[in-house]
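Student: The structure under discussion is supplied below as structure tokens; questions concerning it will follow.
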Amino acid sequence: MDNNVRPETMERIVSSELAKAFIDEQVALLKEQIGDKKVLLALSGGVDSSVVAALLIKAIGKNLVCVHVNHGLLRKGEPEQVIEVFRNQMDANLIYVDAVDRFLDKLAGVADPEQKRKIIGEEFIRVFEEEAMKLDGIKFLAQGTIYPDILESVGVKAHHNVGGLPEKFGFELVEPVKLLYKDEVRVVGKELGLPDNMVYRQPFPGPGLGVRCVGAITRDRLEALREADAIVREEIGALPEVPWQYFCAIPDVQSTGIKYVDGQGVRYMGWAVVIRAVNTVDAVTATVPEIPFKVLCSMRDKIVKIPGVNRVLWDISEKPVATIEWE
Ligand code: XMP
């Protein structure tokens, strides 16, 4: 039997009971597969890798080595949450790699979106490889592959899968959620006790804020974007109907603003932040949901307080003709 094919008899995991049964079964299988060997996992903090981490912690405890690479393009609070949940609450063996300068230095002056993606992807693998090389006795590499990844046969999903590593290091793969759909992974994550904002996290691209800080990334514009994104996530995330994806982009354009110094109007150049929210089923096409004007104004009032920002725009473009991301 091809173990990459979901059996027709496999019940859809829609309840806490079914999730519990899945967890018990997987934990037993993982114990059997891994024994007392060590497993390495790139833990991004996304729902897939987080669920894999939580399952493995249950099965093998400290023999799981999680590596969280902070490439500087994560959203506000994300690296801190990974440390809090996995190291402090779950007592995981977690290696936190602060690679912010390394990534941002490599990206300096690079404006082409595909070049940016390539640099981020390659650098990620390099950092992860370096960490892997420092460790002794690793036999397995765990990955948060899910069933749609197999169906789409994309193989290497930017950032989630660490391409090439299994062959290079002779690692055997551990993919405990590879037959699950995303909604099932979330039910399992909830049952494993992961926090809601991790379990119901909106899709976030591998290259992270890197493709939302349009053009050549600069640290000041990236910081402004991170702050604006946190505001938008909080306000739109509190709406009765939460869109599929909602975030900010910051184009590499400045426009005139005015501030008052001692009652005197002074003109200056500042950044414009773009608010983007979309609904979609498969990300191939996307529509733009209505956002109450009051909420838009509330976000605007907070965003213009961010240093360097003097304008807020709402992107009402659908896909097609625009893509969801700005790059
Ligand atoms: P676009 O912009 O192509 O985005 O309409 C469709 C969906 O894909 C996500 N996206 C990415 N995800 N690596 C990823 O892992 C990427 O390079 C990437 N680019 C776009 C985007 O967030 C949206 O959900």
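Letters A, B, ... go to the chains of the structure tokens in the order shown; residues in each chain start at 1; ligands are counted from 1 in the same order.
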If you run DSSP on this backbone, which residues of region 189-286 of chain A come out as alpha helix (DSSP H), and could you give them as a ChimeraX atom specification?
Tutor: /A:189-191,196-199,219-237
Student: What are the closest atom pairs, with distances in Å to one decimal, for each residue of chain A lying within 9 Å of ligand 1, using only C-alpha atoms and all ligand atoms, rows by chain and rising residue number, as JSON lines?
Tutor:
```
{"residue": "A:Pro113", "atom": "CA", "partner": "ligand 1", "partner_atom_place_in_ligand_line": "17 (O)", "distance": 8.9}
{"residue": "A:Glu114", "atom": "CA", "partner": "ligand 1", "partner_atom_place_in_ligand_line": "17 (O)", "distance": 8.2}
{"residue": "A:Arg117", "atom": "CA", "partner": "ligand 1", "partner_atom_place_in_ligand_line": "17 (O)", "distance": 6.1}
{"residue": "A:Lys118", "atom": "CA", "partner": "ligand 1", "partner_atom_place_in_ligand_line": "17 (O)", "distance": 8.9}
{"residue": "A:Gly121", "atom": "CA", "partner": "ligand 1", "partner_atom_place_in_ligand_line": "17 (O)", "distance": 8.9}
{"residue": "A:Lys157", "atom": "CA", "partner": "ligand 1", "partner_atom_place_in_ligand_line": "15 (O)", "distance": 6.2}
{"residue": "A:Ala158", "atom": "CA", "partner": "ligand 1", "partner_atom_place_in_ligand_line": "15 (O)", "distance": 5.1}
{"residue": "A:His159", "atom": "CA", "partner": "ligand 1", "partner_atom_place_in_ligand_line": "15 (O)", "distance": 6.8}
{"residue": "A:His160", "atom": "CA", "partner": "ligand 1", "partner_atom_place_in_ligand_line": "15 (O)", "distance": 7.8}
{"residue": "A:Gln202", "atom": "CA", "partner": "ligand 1", "partner_atom_place_in_ligand_line": "24 (O)", "distance": 8.6}
{"residue": "A:Pro203", "atom": "CA", "partner": "ligand 1", "partner_atom_place_in_ligand_line": "24 (O)", "distance": 5.6}
{"residue": "A:Phe204", "atom": "CA", "partner": "ligand 1", "partner_atom_place_in_ligand_line": "22 (O)", "distance": 5.3}
{"residue": "A:Pro205", "atom": "CA", "partner": "ligand 1", "partner_atom_place_in_ligand_line": "12 (N)", "distance": 3.5}
{"residue": "A:Gly206", "atom": "CA", "partner": "ligand 1", "partner_atom_place_in_ligand_line": "15 (O)", "distance": 4.0}
{"residue": "A:Pro207", "atom": "CA", "partner": "ligand 1", "partner_atom_place_in_ligand_line": "17 (O)", "distance": 5.6}
{"residue": "A:Gly208", "atom": "CA", "partner": "ligand 1", "partner_atom_place_in_ligand_line": "13 (N)", "distance": 7.7}
{"residue": "A:Val211", "atom": "CA", "partner": "ligand 1", "partner_atom_place_in_ligand_line": "19 (N)", "distance": 7.4}
{"residue": "A:Trp244", "atom": "CA", "partner": "ligand 1", "partner_atom_place_in_ligand_line": "24 (O)", "distance": 8.6}
{"residue": "A:Gln245", "atom": "CA", "partner": "ligand 1", "partner_atom_place_in_ligand_line": "24 (O)", "distance": 7.0}
{"residue": "A:Thr280", "atom": "CA", "partner": "ligand 1", "partner_atom_place_in_ligand_line": "24 (O)", "distance": 8.9}
{"residue": "A:Asp282", "atom": "CA", "partner": "ligand 1", "partner_atom_place_in_ligand_line": "7 (C)", "distance": 8.2}
{"residue": "A:Ala283", "atom": "CA", "partner": "ligand 1", "partner_atom_place_in_ligand_line": "6 (C)", "distance": 4.9}
{"residue": "A:Val284", "atom": "CA", "partner": "ligand 1", "partner_atom_place_in_ligand_line": "5 (O)", "distance": 6.6}
{"residue": "A:Thr285", "atom": "CA", "partner": "ligand 1", "partner_atom_place_in_ligand_line": "5 (O)", "distance": 7.5}
{"residue": "A:Ala286", "atom": "CA", "partner": "ligand 1", "partner_atom_place_in_ligand_line": "5 (O)", "distance": 7.9}
{"residue": "A:Lys319", "atom": "CA", "partner": "ligand 1", "partner_atom_place_in_ligand_line": "5 (O)", "distance": 6.7}
{"residue": "A:Pro320", "atom": "CA", "partner": "ligand 1", "partner_atom_place_in_ligand_line": "5 (O)", "distance": 8.3}
{"residue": "A:Ala322", "atom": "CA", "partner": "ligand 1", "partner_atom_place_in_ligand_line": "5 (O)", "distance": 7.4}
{"residue": "A:Thr323", "atom": "CA", "partner": "ligand 1", "partner_atom_place_in_ligand_line": "5 (O)", "distance": 3.7}
{"residue": "A:Ile324", "atom": "CA", "partner": "ligand 1", "partner_atom_place_in_ligand_line": "5 (O)", "distance": 3.7}
{"residue": "A:Glu325", "atom": "CA", "partner": "ligand 1", "partner_atom_place_in_ligand_line": "2 (O)", "distance": 3.6}
{"residue": "A:Trp326", "atom": "CA", "partner": "ligand 1", "partner_atom_place_in_ligand_line": "2 (O)", "distance": 6.5}
{"residue": "A:Glu327", "atom": "CA", "partner": "ligand 1", "partner_atom_place_in_ligand_line": "2 (O)", "distance": 6.5}
```
Student: Write out as a ChimeraX atom specification each polymer residue whose atoms come within 9 Å of Ala53 (chain A), counting only C-alpha atoms; drop sequence neighbours fewer than 6 positions from it.
Tutor: /A:41,43,64,66,86,92,142,144
Student: Find the residues near Val65 (chain A): any atom within 8 Å, counting only C-alpha atoms, skip ones fewer than 6 places away on the same chain, and give them as an mmCIF file with all heavy atoms, in the first residue's frame.
Tutor:
```
data_model
loop_
_atom_site.group_PDB
_atom_site.id
_atom_site.type_symbol
_atom_site.label_atom_id
_atom_site.label_comp_id
_atom_site.auth_asym_id
_atom_site.auth_seq_id
_atom_site.Cartn_x
_atom_site.Cartn_y
_atom_site.Cartn_z
ATOM 1 N N LYS A 38 17.093 10.322 18.040
ATOM 2 C CA LYS A 38 16.758 11.752 18.084
ATOM 3 C C LYS A 38 16.150 12.241 16.768
ATOM 4 O O LYS A 38 16.520 11.759 15.689
ATOM 5 C CB LYS A 38 18.009 12.567 18.388
ATOM 6 C CG LYS A 38 18.421 12.491 19.821
ATOM 7 C CD LYS A 38 19.504 13.500 20.103
ATOM 8 C CE LYS A 38 19.942 13.422 21.552
ATOM 9 N NZ LYS A 38 21.221 14.031 21.767
ATOM 10 N N VAL A 39 15.249 13.208 16.895
ATOM 11 C CA VAL A 39 14.536 13.761 15.735
ATOM 12 C C VAL A 39 14.756 15.271 15.677
ATOM 13 O O VAL A 39 14.687 15.957 16.697
ATOM 14 C CB VAL A 39 13.015 13.494 15.845
ATOM 15 C CG1 VAL A 39 12.274 14.043 14.637
ATOM 16 C CG2 VAL A 39 12.738 12.010 16.013
ATOM 17 N N LEU A 40 14.977 15.762 14.473
ATOM 18 C CA LEU A 40 15.170 17.209 14.279
ATOM 19 C C LEU A 40 13.946 17.784 13.571
ATOM 20 O O LEU A 40 13.385 17.157 12.674
ATOM 21 C CB LEU A 40 16.418 17.403 13.399
ATOM 22 C CG LEU A 40 16.893 18.823 13.111
ATOM 23 C CD1 LEU A 40 17.295 19.529 14.402
ATOM 24 C CD2 LEU A 40 18.091 18.777 12.153
ATOM 25 N N LEU A 41 13.531 18.976 13.997
ATOM 26 C CA LEU A 41 12.356 19.611 13.375
ATOM 27 C C LEU A 41 12.584 21.109 13.234
ATOM 28 O O LEU A 41 12.977 21.775 14.191
ATOM 29 C CB LEU A 41 11.109 19.369 14.251
ATOM 30 C CG LEU A 41 9.860 20.189 13.903
ATOM 31 C CD1 LEU A 41 9.215 19.699 12.611
ATOM 32 C CD2 LEU A 41 8.840 20.137 15.038
ATOM 33 N N ALA A 92 10.030 21.762 25.783
ATOM 34 C CA ALA A 92 10.685 21.144 24.619
ATOM 35 C C ALA A 92 12.162 21.492 24.567
ATOM 36 O O ALA A 92 12.602 22.489 25.138
ATOM 37 C CB ALA A 92 10.012 21.633 23.336
ATOM 38 N N ASN A 93 12.886 20.645 23.861
ATOM 39 C CA ASN A 93 14.289 20.895 23.577
ATOM 40 C C ASN A 93 14.305 21.831 22.355
ATOM 41 O O ASN A 93 14.169 21.385 21.226
ATOM 42 C CB ASN A 93 14.907 19.534 23.253
ATOM 43 C CG ASN A 93 16.403 19.572 23.198
ATOM 44 O OD1 ASN A 93 17.013 20.634 23.247
ATOM 45 N ND2 ASN A 93 16.996 18.400 23.084
ATOM 46 N N LEU A 94 14.391 23.139 22.612
ATOM 47 C CA LEU A 94 14.228 24.122 21.529
ATOM 48 C C LEU A 94 15.486 24.958 21.340
ATOM 49 O O LEU A 94 15.966 25.579 22.293
ATOM 50 C CB LEU A 94 13.045 25.049 21.847
ATOM 51 C CG LEU A 94 12.843 26.251 20.920
ATOM 52 C CD1 LEU A 94 12.343 25.806 19.548
ATOM 53 C CD2 LEU A 94 11.842 27.244 21.518
ATOM 54 N N ILE A 95 15.985 24.942 20.117
ATOM 55 C CA ILE A 95 17.124 25.803 19.796
ATOM 56 C C ILE A 95 16.582 27.019 19.055
ATOM 57 O O ILE A 95 15.936 26.885 18.013
ATOM 58 C CB ILE A 95 18.144 25.053 18.909
ATOM 59 C CG1 ILE A 95 18.699 23.838 19.659
ATOM 60 C CG2 ILE A 95 19.277 25.987 18.469
ATOM 61 C CD1 ILE A 95 19.551 22.921 18.804
#
```
Student: Which residue gives the smallest distance to Gly45 (chain A) among A:Ile250, A:Met10, A:Val67, A:Leu209, with only C-alpha atoms counted?
Tutor: A:Val67
Student: Can you measure CA of Gly109 (chain A) to CA of Asp252 (chain A) for me? One decimal in Å is fine.
Tutor: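 The value is 12.0 Å.
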Student: Which residues of region 174-282 of chain A come within 12 Å of region 74-78 of chain A, and for each one, what is the closest pair of atoms and their distance in Å to one decimal, counting only C-alpha atoms, sorted by chain and residue number, as CSV?
Tutor:
```
residue,atom,partner,partner_atom,distance
A:Asn197,CA,A:Glu78,CA,10.3
A:Met198,CA,A:Glu78,CA,9.4
A:Arg201,CA,A:Glu78,CA,11.0
A:Gln202,CA,A:Arg75,CA,11.8
A:Phe204,CA,A:Leu74,CA,9.2
A:Pro205,CA,A:Leu74,CA,9.8
A:Gly206,CA,A:Leu74,CA,9.3
A:Pro207,CA,A:Leu74,CA,8.6
A:Gly208,CA,A:Leu74,CA,5.8
A:Leu209,CA,A:Leu74,CA,6.3
A:Gly210,CA,A:Leu74,CA,8.7
A:Val211,CA,A:Leu74,CA,11.3
A:Arg212,CA,A:Leu74,CA,11.2
A:Cys213,CA,A:Leu74,CA,11.8
A:Leu222,CA,A:Arg75,CA,10.2
A:Glu223,CA,A:Lys76,CA,9.2
A:Ala224,CA,A:Lys76,CA,10.8
A:Leu225,CA,A:Arg75,CA,9.1
A:Arg226,CA,A:Lys76,CA,5.8
A:Glu227,CA,A:Lys76,CA,6.9
A:Ala228,CA,A:Lys76,CA,9.5
A:Asp229,CA,A:Arg75,CA,7.5
A:Ala230,CA,A:Lys76,CA,6.2
A:Ile231,CA,A:Lys76,CA,9.8
A:Val232,CA,A:Lys76,CA,11.5
A:Arg233,CA,A:Arg75,CA,10.0
A:Glu234,CA,A:Lys76,CA,11.3
A:Phe247,CA,A:Arg75,CA,10.1
A:Cys248,CA,A:Arg75,CA,10.9
```
Student: Skipping near chain neighbours, those fewer than 3 positions away, what residues fall within 12 Å of region 130-140 of chain A using only C-alpha atoms, listed as a PyMOL selection string?
Tutor: chain A and resi 30+33-42+56+63-69+94-99+123-127+143+162+165-175
Student: Give the answer as one residue: which of A:Ile236, A:Met269, A:Val321, A:Val278 has the shortest atom-to-atom distance to Val253 (chain A), using only C-alpha atoms?
Tutor: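 Going through A:Ile236, A:Met269, A:Val321, A:Val278 one by one, the smallest distance to Val253 (chain A) is for A:Met269.
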Student: Nearest to Lys302 (chain A): which of A:Leu141, A:Val273, A:Ile13, A:Val110 is it, counting only C-alpha atoms?
Tutor: A:Val273
Student: Apply DSSP to the structure's backbone, then extract all residues of region 192-287 of chain A labelled strand (DSSP E or B) and return them as a PyMOL selection string.
Tutor: chain A and resi 213+245-250+254-261+264-279+286-287
Student: With distances taken over only C-alpha atoms, which residue among A:Val27, A:Arg219, A:Phe22, A:Ser317 lies nearest Asn279 (chain A)?
Tutor: A:Ser317
Student: When you draw a straight line from CA of Glu80 (chain A) to CA of Val295 (chain A), how long is it in Å?
Tutor: 27.6 Å
Student: What is the distance between CA of Asp48 (chain A) and CA of Val187 (chain A), in Å to one decimal?
Tutor: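 If I compute the distance from CA of Asp48 (chain A) to CA of Val187 (chain A), I get 11.4 Å.
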